[in-house]
Amino acid sequence: MTASSADAASVDSTAGQPQRILDVRHAVALCVGMVVGAGIFKTSPMVAQALSTPEQLYLAWALGGVLSVIGGLCFAELAAAFPDTGGDYHFLRRAYGHRLGILFAWSRFAVIHTGSMALLGFVFGDYLAQVVDLSPWLGPYASAWMAAGLIVLLTGLNLLGVQVGLGTQVGLTTLVLVGLLLLGLGAGAQQWQGHAPALPHTGAAVPDWGLAMVFVFLAYGGWSDAATLSAEIKDERRGIVRALLLGLGIVMALYLLANWAYVRVLGLSGLAASPAPAAELMRVAFGRGAELLMVGVVTLTALSVMNAILIAGPRTTYAAARDLAAEWRLAHWNARRGTPSVAVMATSAVALVLVAFGAVTRGGFSTMVDYLSPVYWFFITLSGLAVIVLRRREPDRPRPFRVPMYPLLPLVFSGCSAFVLWSSLVYVKAGAIVGVVVLALGALMLWGHGRLRTR
């Protein structure tokens, strides 16, 4: 979106275009809420299984944070220079052409965002099932039914409008921060009382950094979605930069605190063996009541991240549909509610289908990780390289923010993203094949649509 079109969007609410009505704090809450969730509560044990010492564990999470900040700098330049509701869809489209941009939007709609929603739904259902046993009524699919119910509930909430949805996000993200700080408090209490870790710090005989970083970057994934609000933030140029960098700085600090707490209370071996390390940490530190409290925090965390996805994801779908065929229902922006309501409903429908897929395979969370990881990192790699492509293609474009140490940092970020892409293809299971097939189906449909338009 150009500056002039952004201005038009801000003054012409009847035209059905996004308006600049959001504060930076909303975007920061979205960024933090999008990242902090299933990652820190579900993948820390998997990272610990792949590494040998606590120091390696801390280094892995620190590297993930640093590289995410570098990625944030790349996306900040793109978002400040090319503000648009489509976020990285818009960047990819400008850098590589219309077709790749549409293919990315398809991947967001059918794989990345919807797969993430299903994944988080399973986290919500699995943790809630520890304190509320619904299996007598819902059978072996109780977790899936709870996941589906949460998706339906949040869809209705977000259809009320962006201000309601983002107000909810601020509150939920605050609860997430409180929960992670409680982990640090629990570990601090153990250290103050002089308690030793529950198990010795023993890990894998030979560290597997490739496998570890797949899960570390999975935990950090999602921060780029804050760029989808670049056309709706009041501070047109600096707002998205501040939101990305502040949000990622908060996330890295929280992740390091949480992993220190896990190791301090459970030990590296205890962390690697725990299916629910946050709840177990609180039980060891404060007892059963604190364990139940942490289960509540984790379920609220899953809710928070899913809500953030449901705010950002449909905006990519809306932007792609607007560019592909403006008459499509998916290209409708509800000016009264301030949200792409049709895209919200379509995104939720696909997420419900994926919940059913995860339930049938009995894989749940792990099936969704397999499904979305390779596709996600393929496009993240291209987005990092887009900084270089667009610098060369549009050198005169005003860039209020420029990536420092150019082109080194974009190349470092893209290279690391390509490594994670390769690792995800090596380590994930059959679910990855399904995700790649869905992406290929999108390419075929795009090719067919192009042939029809040329006739």
# chains A, B, ... in the order shown; residues from 1 in each chain; ligands from 1
$ residues_around --residues "Phe124 of chain A" --least-positions-apart "4" --cutoff "10 Å" --atoms "only C-alpha atoms" --output "PyMOL selection string"
chain A and resi 38+118-120+128-129+143-144+146-147+150+295-296+298-303+306
$ write_last_selection --atoms "C-alpha atoms" --output "CSV table (one decimal), in the first residue's frame"
chain,number,residue,atom,x,y,z
A,38,ALA,CA,2.9,-23.8,22.8
A,118,ALA,CA,-5.3,-26.5,15.3
A,119,LEU,CA,-1.9,-27.1,17.1
A,120,LEU,CA,-2.8,-24.6,19.8
A,128,LEU,CA,-7.5,-28.8,30.2
A,129,ALA,CA,-8.0,-32.6,30.1
A,143,SER,CA,-9.1,-32.9,23.4
A,144,ALA,CA,-10.2,-32.4,19.8
A,146,MET,CA,-12.4,-28.9,23.2
A,147,ALA,CA,-10.0,-27.5,20.6
A,150,LEU,CA,-12.3,-22.9,21.5
A,295,VAL,CA,-2.5,-25.6,34.0
A,296,GLY,CA,-4.9,-22.7,33.8
A,298,VAL,CA,-1.1,-22.7,29.9
A,299,THR,CA,-4.6,-23.1,28.6
A,300,LEU,CA,-5.0,-19.3,28.6
A,301,THR,CA,-1.7,-19.0,26.8
A,302,ALA,CA,-2.9,-21.3,24.0
A,303,LEU,CA,-6.1,-19.2,23.9
A,306,MET,CA,-4.8,-18.6,18.9
$ residues_around --residues "segment 351-361 of chain A" --least-positions-apart "6" --cutoff "8 Å" --atoms "only C-alpha atoms" --output "list in words"
Thr114, Gly115, Met117, Ala118, Leu119, Gly121, Phe122, Tyr141, Ala144, Ala147, Ala148, Ile151, Thr367 and Met368 of chain A
$ closest_residue --among "A:Ser383, A:Gln130, A:Ser224, A:Ser373" --to "Val420 of chain A" --atoms "only C-alpha atoms"
A:Ser373
$ residues_around --residues "Phe401 of chain A" --least-positions-apart "5" --cutoff "10 Å" --atoms "only C-alpha atoms" --output "PyMOL selection string"
chain A and resi 73-74+76-81+237-238+241
$ write_last_selection --atoms "C-alpha atoms" --output "CSV table (one decimal), in the first residue's frame"
chain,number,residue,atom,x,y,z
A,73,LEU,CA,14.9,-6.0,11.7
A,74,CYS,CA,14.4,-7.4,8.2
A,76,ALA,CA,10.8,-3.9,10.2
A,77,GLU,CA,12.5,-2.5,7.1
A,78,LEU,CA,10.0,-4.1,4.8
A,79,ALA,CA,7.0,-3.2,6.9
A,80,ALA,CA,8.1,0.5,7.2
A,81,ALA,CA,8.8,0.8,3.5
A,237,ARG,CA,6.5,4.5,9.9
A,238,ARG,CA,8.0,3.9,13.3
A,241,VAL,CA,9.5,-1.2,14.0
$ residues_around --residues "Ala27 of chain A" --least-positions-apart "2" --cutoff "8 Å" --atoms "only C-alpha atoms" --output "VMD selection string"
chain A and resid 22 to 25 29 to 31 226 229 233 240 243 to 244
$ write_last_selection --atoms "N, CA and C atoms" --output "compact mmCIF listing (two decimals), in the first residue's frame"
# COMPACT_ATOMS: atom_id res chain seq x y z
N LEU A 22 -4.93 1.52 15.42
CA LEU A 22 -4.30 0.67 16.42
C LEU A 22 -3.09 1.36 17.05
N ASP A 23 -2.91 1.17 18.35
CA ASP A 23 -1.74 1.65 19.07
C ASP A 23 -0.61 0.63 18.96
N VAL A 24 0.62 1.10 19.22
CA VAL A 24 1.77 0.21 19.20
C VAL A 24 1.62 -0.89 20.25
N ARG A 25 1.02 -0.56 21.40
CA ARG A 25 0.88 -1.57 22.45
C ARG A 25 0.04 -2.75 21.99
N ALA A 29 1.46 -6.54 21.97
CA ALA A 29 0.71 -7.64 22.57
C ALA A 29 0.47 -8.75 21.57
N LEU A 30 0.18 -8.37 20.33
CA LEU A 30 -0.02 -9.37 19.28
C LEU A 30 1.27 -10.15 19.03
N CYS A 31 2.40 -9.46 18.94
CA CYS A 31 3.68 -10.12 18.68
C CYS A 31 4.05 -11.07 19.81
N ALA A 226 3.00 -9.80 13.14
CA ALA A 226 2.71 -8.43 13.55
C ALA A 226 2.79 -7.47 12.38
N LEU A 229 -0.30 -5.92 10.52
CA LEU A 229 -1.03 -4.76 11.03
C LEU A 229 -0.34 -3.45 10.68
N ILE A 233 -1.63 0.53 12.07
CA ILE A 233 -1.00 1.16 13.23
C ILE A 233 -0.96 2.67 13.04
N ILE A 240 5.52 0.01 13.55
CA ILE A 240 5.75 -1.42 13.35
C ILE A 240 7.17 -1.81 13.76
N ALA A 243 7.11 -2.09 17.53
CA ALA A 243 6.33 -3.25 17.95
C ALA A 243 7.11 -4.54 17.79
N LEU A 244 7.78 -4.71 16.65
CA LEU A 244 8.53 -5.94 16.40
C LEU A 244 9.71 -6.09 17.35
$ closest_residue --among "A:Leu160, A:Ala418, A:Leu330, A:Ala273" --to "Met46 of chain A" --atoms "only C-alpha atoms"
A:Ala273
$ atom_distance --atom1 "atom CA of Phe286 of chain A" --atom2 "atom CA of Val123 of chain A"
23.3 Å
$ residues_around --residues "Val344 of chain A" --least-positions-apart "2" --cutoff "7 Å" --atoms "only C-alpha atoms" --output "ChimeraX atom specification"
/A:155,310,314,340-342,346-348
$ atom_distance --atom1 "atom CA of His90 of chain A" --atom2 "atom CA of Gly431 of chain A"
28.0 Å
$ atom_distance --atom1 "atom CA of Phe104 of chain A" --atom2 "atom CA of Arg315 of chain A"
12.9 Å
$ select_by_dssp --residues "segment 30-198 of chain A" --states "alpha helix (DSSP H)" --output "short mmCIF file (atom, residue, chain, number, x, y, z; two decimals) with N, CA and C atoms, in the first residue's frame"
data_model
loop_
_atom_site.label_atom_id
_atom_site.label_comp_id
_atom_site.auth_asym_id
_atom_site.auth_seq_id
_atom_site.Cartn_x
_atom_site.Cartn_y
_atom_site.Cartn_z
N LEU A 30 0.18 -8.37 20.33
CA LEU A 30 -0.02 -9.37 19.28
C LEU A 30 1.27 -10.15 19.03
N CYS A 31 2.40 -9.46 18.94
CA CYS A 31 3.68 -10.12 18.68
C CYS A 31 4.05 -11.07 19.81
N VAL A 32 3.96 -10.60 21.05
CA VAL A 32 4.28 -11.45 22.20
C VAL A 32 3.30 -12.61 22.29
N GLY A 33 2.01 -12.30 22.14
CA GLY A 33 1.00 -13.34 22.23
C GLY A 33 1.12 -14.37 21.13
N MET A 34 1.57 -13.95 19.94
CA MET A 34 1.71 -14.87 18.82
C MET A 34 2.84 -15.86 19.05
N VAL A 35 3.89 -15.44 19.75
CA VAL A 35 5.08 -16.27 19.91
C VAL A 35 5.00 -17.11 21.18
N ALA A 38 2.53 -22.37 22.92
CA ALA A 38 2.87 -23.79 22.82
C ALA A 38 4.37 -23.99 22.77
N SER A 44 10.23 -27.12 24.97
CA SER A 44 11.44 -27.14 25.81
C SER A 44 11.90 -28.56 26.13
N PRO A 45 11.02 -29.50 26.49
CA PRO A 45 11.49 -30.87 26.71
C PRO A 45 12.12 -31.48 25.46
N MET A 46 11.59 -31.18 24.28
CA MET A 46 12.14 -31.73 23.05
C MET A 46 13.53 -31.17 22.76
N VAL A 47 13.73 -29.89 23.06
CA VAL A 47 15.06 -29.29 22.90
C VAL A 47 16.04 -29.92 23.88
N ALA A 48 15.59 -30.12 25.13
CA ALA A 48 16.46 -30.73 26.14
C ALA A 48 16.85 -32.15 25.76
N GLN A 49 15.96 -32.89 25.12
CA GLN A 49 16.27 -34.25 24.69
C GLN A 49 17.39 -34.28 23.66
N ALA A 50 17.51 -33.22 22.86
CA ALA A 50 18.48 -33.20 21.77
C ALA A 50 19.85 -32.68 22.19
N PRO A 54 22.95 -28.04 30.26
CA PRO A 54 22.12 -26.84 30.41
C PRO A 54 22.67 -25.65 29.64
N GLU A 55 24.00 -25.54 29.59
CA GLU A 55 24.60 -24.42 28.86
C GLU A 55 24.24 -24.46 27.38
N GLN A 56 24.22 -25.65 26.81
CA GLN A 56 23.80 -25.79 25.42
C GLN A 56 22.33 -25.40 25.26
N LEU A 57 21.52 -25.76 26.24
CA LEU A 57 20.10 -25.40 26.19
C LEU A 57 19.93 -23.88 26.18
N TYR A 58 20.62 -23.19 27.08
CA TYR A 58 20.52 -21.73 27.13
C TYR A 58 21.04 -21.10 25.83
N LEU A 59 22.14 -21.65 25.31
CA LEU A 59 22.70 -21.12 24.07
C LEU A 59 21.72 -21.27 22.92
N ALA A 60 21.05 -22.41 22.84
CA ALA A 60 20.09 -22.63 21.76
C ALA A 60 18.96 -21.61 21.81
N TRP A 61 18.43 -21.36 23.00
CA TRP A 61 17.33 -20.39 23.11
C TRP A 61 17.81 -18.97 22.88
N ALA A 62 19.05 -18.67 23.30
CA ALA A 62 19.59 -17.33 23.05
C ALA A 62 19.82 -17.12 21.55
N LEU A 63 20.37 -18.13 20.87
CA LEU A 63 20.57 -18.02 19.43
C LEU A 63 19.24 -17.84 18.71
N GLY A 64 18.24 -18.59 19.14
CA GLY A 64 16.92 -18.42 18.54
C GLY A 64 16.39 -17.01 18.71
N GLY A 65 16.62 -16.43 19.89
CA GLY A 65 16.17 -15.06 20.12
C GLY A 65 16.92 -14.05 19.29
N VAL A 66 18.25 -14.20 19.22
CA VAL A 66 19.06 -13.25 18.45
C VAL A 66 18.69 -13.30 16.97
N LEU A 67 18.55 -14.50 16.43
CA LEU A 67 18.20 -14.62 15.01
C LEU A 67 16.79 -14.13 14.74
N SER A 68 15.90 -14.28 15.71
CA SER A 68 14.55 -13.74 15.54
C SER A 68 14.58 -12.21 15.54
N VAL A 69 15.45 -11.63 16.37
CA VAL A 69 15.60 -10.17 16.35
C VAL A 69 16.14 -9.71 15.00
N ILE A 70 17.12 -10.45 14.45
CA ILE A 70 17.63 -10.10 13.12
C ILE A 70 16.50 -10.19 12.09
N GLY A 71 15.70 -11.25 12.19
CA GLY A 71 14.54 -11.34 11.31
C GLY A 71 13.58 -10.20 11.52
N GLY A 72 13.42 -9.79 12.78
CA GLY A 72 12.55 -8.66 13.06
C GLY A 72 13.04 -7.38 12.42
N LEU A 73 14.37 -7.18 12.40
CA LEU A 73 14.94 -6.02 11.72
C LEU A 73 14.64 -6.05 10.23
N CYS A 74 14.76 -7.25 9.63
CA CYS A 74 14.44 -7.38 8.20
C CYS A 74 12.98 -7.05 7.93
N PHE A 75 12.10 -7.60 8.75
CA PHE A 75 10.67 -7.36 8.55
C PHE A 75 10.31 -5.92 8.89
N ALA A 76 11.05 -5.31 9.82
CA ALA A 76 10.77 -3.91 10.15
C ALA A 76 11.06 -3.01 8.97
N GLU A 77 12.18 -3.25 8.26
CA GLU A 77 12.47 -2.46 7.07
C GLU A 77 11.38 -2.64 6.02
N LEU A 78 10.99 -3.89 5.78
CA LEU A 78 9.96 -4.15 4.77
C LEU A 78 8.63 -3.53 5.16
N ALA A 79 8.26 -3.67 6.43
CA ALA A 79 6.96 -3.16 6.87
C ALA A 79 6.91 -1.64 6.87
N ALA A 80 8.04 -0.99 7.22
CA ALA A 80 8.06 0.47 7.23
C ALA A 80 8.05 1.03 5.81
N ALA A 81 8.71 0.35 4.88
CA ALA A 81 8.78 0.83 3.50
C ALA A 81 7.54 0.47 2.70
N ASP A 88 3.90 -9.95 5.18
CA ASP A 88 4.92 -10.58 4.35
C ASP A 88 4.35 -11.10 3.03
N TYR A 89 3.03 -11.30 2.94
CA TYR A 89 2.44 -11.58 1.63
C TYR A 89 2.73 -10.43 0.67
N HIS A 90 2.54 -9.23 1.16
CA HIS A 90 2.77 -8.05 0.32
C HIS A 90 4.24 -7.93 -0.06
N PHE A 91 5.15 -8.23 0.89
CA PHE A 91 6.58 -8.15 0.60
C PHE A 91 6.98 -9.18 -0.46
N LEU A 92 6.52 -10.40 -0.29
CA LEU A 92 6.84 -11.46 -1.26
C LEU A 92 6.30 -11.14 -2.64
N ARG A 93 5.12 -10.57 -2.67
CA ARG A 93 4.49 -10.23 -3.95
C ARG A 93 5.31 -9.18 -4.69
N ARG A 94 5.78 -8.17 -3.97
CA ARG A 94 6.58 -7.12 -4.60
C ARG A 94 7.94 -7.64 -5.02
N ALA A 95 8.50 -8.55 -4.25
CA ALA A 95 9.86 -9.04 -4.53
C ALA A 95 9.89 -10.10 -5.62
N TYR A 96 8.91 -11.00 -5.61
CA TYR A 96 8.98 -12.17 -6.48
C TYR A 96 7.82 -12.28 -7.47
N HIS A 98 3.43 -11.60 -8.51
CA HIS A 98 2.06 -11.82 -8.08
C HIS A 98 1.80 -13.28 -7.72
N ARG A 99 2.29 -14.20 -8.51
CA ARG A 99 1.96 -15.61 -8.31
C ARG A 99 2.54 -16.17 -7.00
N LEU A 100 3.79 -15.83 -6.71
CA LEU A 100 4.36 -16.33 -5.47
C LEU A 100 3.66 -15.73 -4.25
N GLY A 101 3.28 -14.46 -4.37
CA GLY A 101 2.54 -13.85 -3.28
C GLY A 101 1.23 -14.55 -3.01
N ILE A 102 0.50 -14.89 -4.07
CA ILE A 102 -0.76 -15.60 -3.90
C ILE A 102 -0.52 -17.00 -3.34
N LEU A 103 0.55 -17.67 -3.79
CA LEU A 103 0.86 -18.99 -3.25
C LEU A 103 1.17 -18.92 -1.76
N PHE A 104 1.87 -17.86 -1.35
CA PHE A 104 2.14 -17.68 0.08
C PHE A 104 0.84 -17.47 0.85
N ALA A 105 -0.05 -16.66 0.30
CA ALA A 105 -1.33 -16.44 0.98
C ALA A 105 -2.10 -17.76 1.11
N TRP A 106 -2.03 -18.59 0.08
CA TRP A 106 -2.67 -19.90 0.16
C TRP A 106 -2.05 -20.74 1.28
N SER A 107 -0.71 -20.69 1.39
CA SER A 107 -0.04 -21.48 2.44
C SER A 107 -0.44 -20.99 3.82
N HIS A 113 -1.26 -20.68 9.24
CA HIS A 113 -2.11 -20.11 10.29
C HIS A 113 -3.12 -21.12 10.80
N THR A 114 -3.76 -21.81 9.89
CA THR A 114 -4.79 -22.75 10.30
C THR A 114 -4.18 -23.95 11.03
N GLY A 115 -2.99 -24.40 10.56
CA GLY A 115 -2.31 -25.48 11.27
C GLY A 115 -1.89 -25.05 12.67
N SER A 116 -1.46 -23.80 12.81
CA SER A 116 -1.09 -23.28 14.13
C SER A 116 -2.30 -23.21 15.05
N MET A 117 -3.43 -22.80 14.51
CA MET A 117 -4.64 -22.76 15.33
C MET A 117 -5.02 -24.16 15.82
N ALA A 118 -4.95 -25.14 14.93
CA ALA A 118 -5.26 -26.51 15.34
C ALA A 118 -4.26 -27.01 16.38
N LEU A 119 -2.98 -26.72 16.17
CA LEU A 119 -1.93 -27.11 17.11
C LEU A 119 -2.21 -26.55 18.50
N LEU A 120 -2.53 -25.27 18.55
CA LEU A 120 -2.79 -24.63 19.84
C LEU A 120 -4.09 -25.13 20.46
N GLY A 121 -5.04 -25.48 19.61
CA GLY A 121 -6.26 -26.07 20.12
C GLY A 121 -5.98 -27.38 20.85
N PHE A 122 -5.05 -28.17 20.32
CA PHE A 122 -4.68 -29.42 20.98
C PHE A 122 -3.94 -29.16 22.29
N VAL A 123 -3.11 -28.13 22.34
CA VAL A 123 -2.46 -27.77 23.60
C VAL A 123 -3.52 -27.42 24.64
N PHE A 124 -4.48 -26.60 24.24
CA PHE A 124 -5.57 -26.21 25.13
C PHE A 124 -6.31 -27.44 25.63
N GLY A 125 -6.70 -28.31 24.70
CA GLY A 125 -7.47 -29.49 25.08
C GLY A 125 -6.67 -30.46 25.93
N ASP A 126 -5.39 -30.68 25.59
CA ASP A 126 -4.57 -31.64 26.34
C ASP A 126 -4.35 -31.18 27.78
N TYR A 127 -4.05 -29.90 27.97
CA TYR A 127 -3.82 -29.41 29.33
C TYR A 127 -5.12 -29.36 30.12
N LEU A 128 -6.19 -28.91 29.49
CA LEU A 128 -7.46 -28.84 30.20
C LEU A 128 -7.93 -30.23 30.61
N SER A 135 -13.77 -37.31 29.04
CA SER A 135 -13.77 -38.52 28.22
C SER A 135 -15.03 -39.37 28.38
N PRO A 136 -15.69 -39.39 29.57
CA PRO A 136 -16.93 -40.18 29.64
C PRO A 136 -18.01 -39.67 28.69
N TRP A 137 -17.97 -38.38 28.33
CA TRP A 137 -18.98 -37.82 27.43
C TRP A 137 -18.45 -37.68 26.00
N LEU A 138 -17.18 -37.35 25.86
CA LEU A 138 -16.62 -37.07 24.53
C LEU A 138 -15.73 -38.18 24.00
N ALA A 142 -11.84 -36.20 23.24
CA ALA A 142 -12.21 -35.08 24.10
C ALA A 142 -11.36 -33.86 23.84
N SER A 143 -10.04 -34.06 23.68
CA SER A 143 -9.15 -32.93 23.43
C SER A 143 -9.50 -32.23 22.13
N ALA A 144 -9.80 -33.01 21.09
CA ALA A 144 -10.15 -32.42 19.80
C ALA A 144 -11.46 -31.64 19.89
N TRP A 145 -12.44 -32.16 20.62
CA TRP A 145 -13.71 -31.43 20.77
C TRP A 145 -13.50 -30.12 21.51
N MET A 146 -12.64 -30.12 22.53
CA MET A 146 -12.37 -28.88 23.25
C MET A 146 -11.62 -27.89 22.35
N ALA A 147 -10.72 -28.40 21.53
CA ALA A 147 -10.01 -27.53 20.58
C ALA A 147 -10.99 -26.89 19.61
N ALA A 148 -11.91 -27.69 19.08
CA ALA A 148 -12.89 -27.16 18.14
C ALA A 148 -13.79 -26.12 18.81
N GLY A 149 -14.19 -26.39 20.04
CA GLY A 149 -15.04 -25.43 20.75
C GLY A 149 -14.35 -24.10 20.97
N LEU A 150 -13.04 -24.14 21.27
CA LEU A 150 -12.29 -22.89 21.46
C LEU A 150 -12.21 -22.10 20.17
N ILE A 151 -11.99 -22.78 19.05
CA ILE A 151 -11.92 -22.09 17.76
C ILE A 151 -13.23 -21.39 17.46
N VAL A 152 -14.34 -22.06 17.68
CA VAL A 152 -15.65 -21.47 17.42
C VAL A 152 -15.87 -20.25 18.33
N LEU A 153 -15.50 -20.36 19.60
CA LEU A 153 -15.69 -19.26 20.54
C LEU A 153 -14.88 -18.03 20.13
N LEU A 154 -13.60 -18.21 19.81
CA LEU A 154 -12.77 -17.08 19.44
C LEU A 154 -13.18 -16.47 18.11
N THR A 155 -13.69 -17.28 17.21
CA THR A 155 -14.18 -16.75 15.94
C THR A 155 -15.32 -15.77 16.18
N GLY A 156 -16.27 -16.16 17.01
CA GLY A 156 -17.37 -15.26 17.33
C GLY A 156 -16.90 -13.98 17.97
N LEU A 157 -15.92 -14.07 18.86
CA LEU A 157 -15.40 -12.88 19.53
C LEU A 157 -14.76 -11.92 18.54
N ASN A 158 -13.94 -12.45 17.63
CA ASN A 158 -13.25 -11.59 16.67
C ASN A 158 -14.19 -11.02 15.62
N LEU A 159 -15.28 -11.68 15.35
CA LEU A 159 -16.25 -11.12 14.41
C LEU A 159 -16.94 -9.89 14.98
N VAL A 162 -12.25 -5.59 15.44
CA VAL A 162 -10.83 -5.65 15.78
C VAL A 162 -10.53 -5.07 17.15
N GLN A 163 -11.28 -4.04 17.57
CA GLN A 163 -11.00 -3.45 18.87
C GLN A 163 -11.32 -4.42 20.00
N VAL A 164 -12.43 -5.16 19.85
CA VAL A 164 -12.77 -6.15 20.86
C VAL A 164 -11.72 -7.25 20.89
N GLY A 165 -11.33 -7.73 19.69
CA GLY A 165 -10.34 -8.79 19.62
C GLY A 165 -9.01 -8.38 20.20
N LEU A 166 -8.54 -7.18 19.89
CA LEU A 166 -7.25 -6.73 20.39
C LEU A 166 -7.30 -6.39 21.87
N GLY A 167 -8.44 -5.90 22.35
CA GLY A 167 -8.59 -5.69 23.78
C GLY A 167 -8.46 -6.99 24.54
N THR A 168 -9.05 -8.04 24.00
CA THR A 168 -8.89 -9.37 24.59
C THR A 168 -7.44 -9.79 24.57
N GLN A 169 -6.74 -9.52 23.46
CA GLN A 169 -5.34 -9.94 23.32
C GLN A 169 -4.45 -9.29 24.37
N VAL A 170 -4.66 -8.01 24.66
CA VAL A 170 -3.86 -7.34 25.67
C VAL A 170 -4.03 -8.01 27.03
N GLY A 171 -5.28 -8.32 27.38
CA GLY A 171 -5.54 -8.97 28.66
C GLY A 171 -4.94 -10.37 28.73
N LEU A 172 -5.09 -11.14 27.66
CA LEU A 172 -4.58 -12.51 27.66
C LEU A 172 -3.06 -12.53 27.68
N THR A 173 -2.42 -11.62 26.95
CA THR A 173 -0.96 -11.58 26.96
C THR A 173 -0.43 -11.22 28.34
N THR A 174 -1.13 -10.35 29.06
CA THR A 174 -0.74 -10.03 30.42
C THR A 174 -0.75 -11.27 31.30
N LEU A 175 -1.77 -12.12 31.14
CA LEU A 175 -1.83 -13.36 31.90
C LEU A 175 -0.67 -14.29 31.55
N VAL A 176 -0.28 -14.32 30.28
CA VAL A 176 0.86 -15.14 29.86
C VAL A 176 2.13 -14.67 30.57
N LEU A 177 2.34 -13.37 30.60
CA LEU A 177 3.54 -12.83 31.25
C LEU A 177 3.55 -13.19 32.73
N VAL A 178 2.40 -13.09 33.38
CA VAL A 178 2.31 -13.45 34.79
C VAL A 178 2.67 -14.92 34.99
N GLY A 179 2.15 -15.79 34.10
CA GLY A 179 2.43 -17.21 34.22
C GLY A 179 3.91 -17.53 34.09
N LEU A 180 4.59 -16.91 33.13
CA LEU A 180 6.01 -17.18 32.95
C LEU A 180 6.84 -16.60 34.09
N LEU A 181 6.41 -15.48 34.63
CA LEU A 181 7.10 -14.93 35.79
C LEU A 181 6.93 -15.84 37.01
N LEU A 182 5.79 -16.53 37.09
CA LEU A 182 5.59 -17.49 38.17
C LEU A 182 6.59 -18.63 38.09
N LEU A 183 6.96 -19.04 36.87
CA LEU A 183 7.98 -20.07 36.72
C LEU A 183 9.30 -19.60 37.34
N GLY A 184 9.67 -18.36 37.02
CA GLY A 184 10.89 -17.82 37.61
C GLY A 184 10.80 -17.71 39.12
N LEU A 185 9.62 -17.34 39.63
CA LEU A 185 9.42 -17.25 41.07
C LEU A 185 9.57 -18.62 41.72
N GLY A 186 9.01 -19.65 41.07
CA GLY A 186 9.13 -20.99 41.62
C GLY A 186 10.57 -21.45 41.69
N ALA A 187 11.33 -21.20 40.62
CA ALA A 187 12.74 -21.58 40.62
C ALA A 187 13.53 -20.77 41.64
N GLY A 188 13.19 -19.48 41.76
CA GLY A 188 13.86 -18.65 42.75
C GLY A 188 13.60 -19.11 44.16
N ALA A 189 12.36 -19.54 44.42
CA ALA A 189 12.03 -20.06 45.75
C ALA A 189 12.83 -21.31 46.07
N GLN A 190 12.98 -22.19 45.08
CA GLN A 190 13.77 -23.40 45.28
C GLN A 190 15.23 -23.07 45.57
N GLN A 191 15.78 -22.11 44.84
CA GLN A 191 17.18 -21.75 45.04
C GLN A 191 17.37 -21.07 46.38
N TRP A 192 16.44 -20.22 46.77
CA TRP A 192 16.55 -19.51 48.05
C TRP A 192 16.51 -20.48 49.22
#
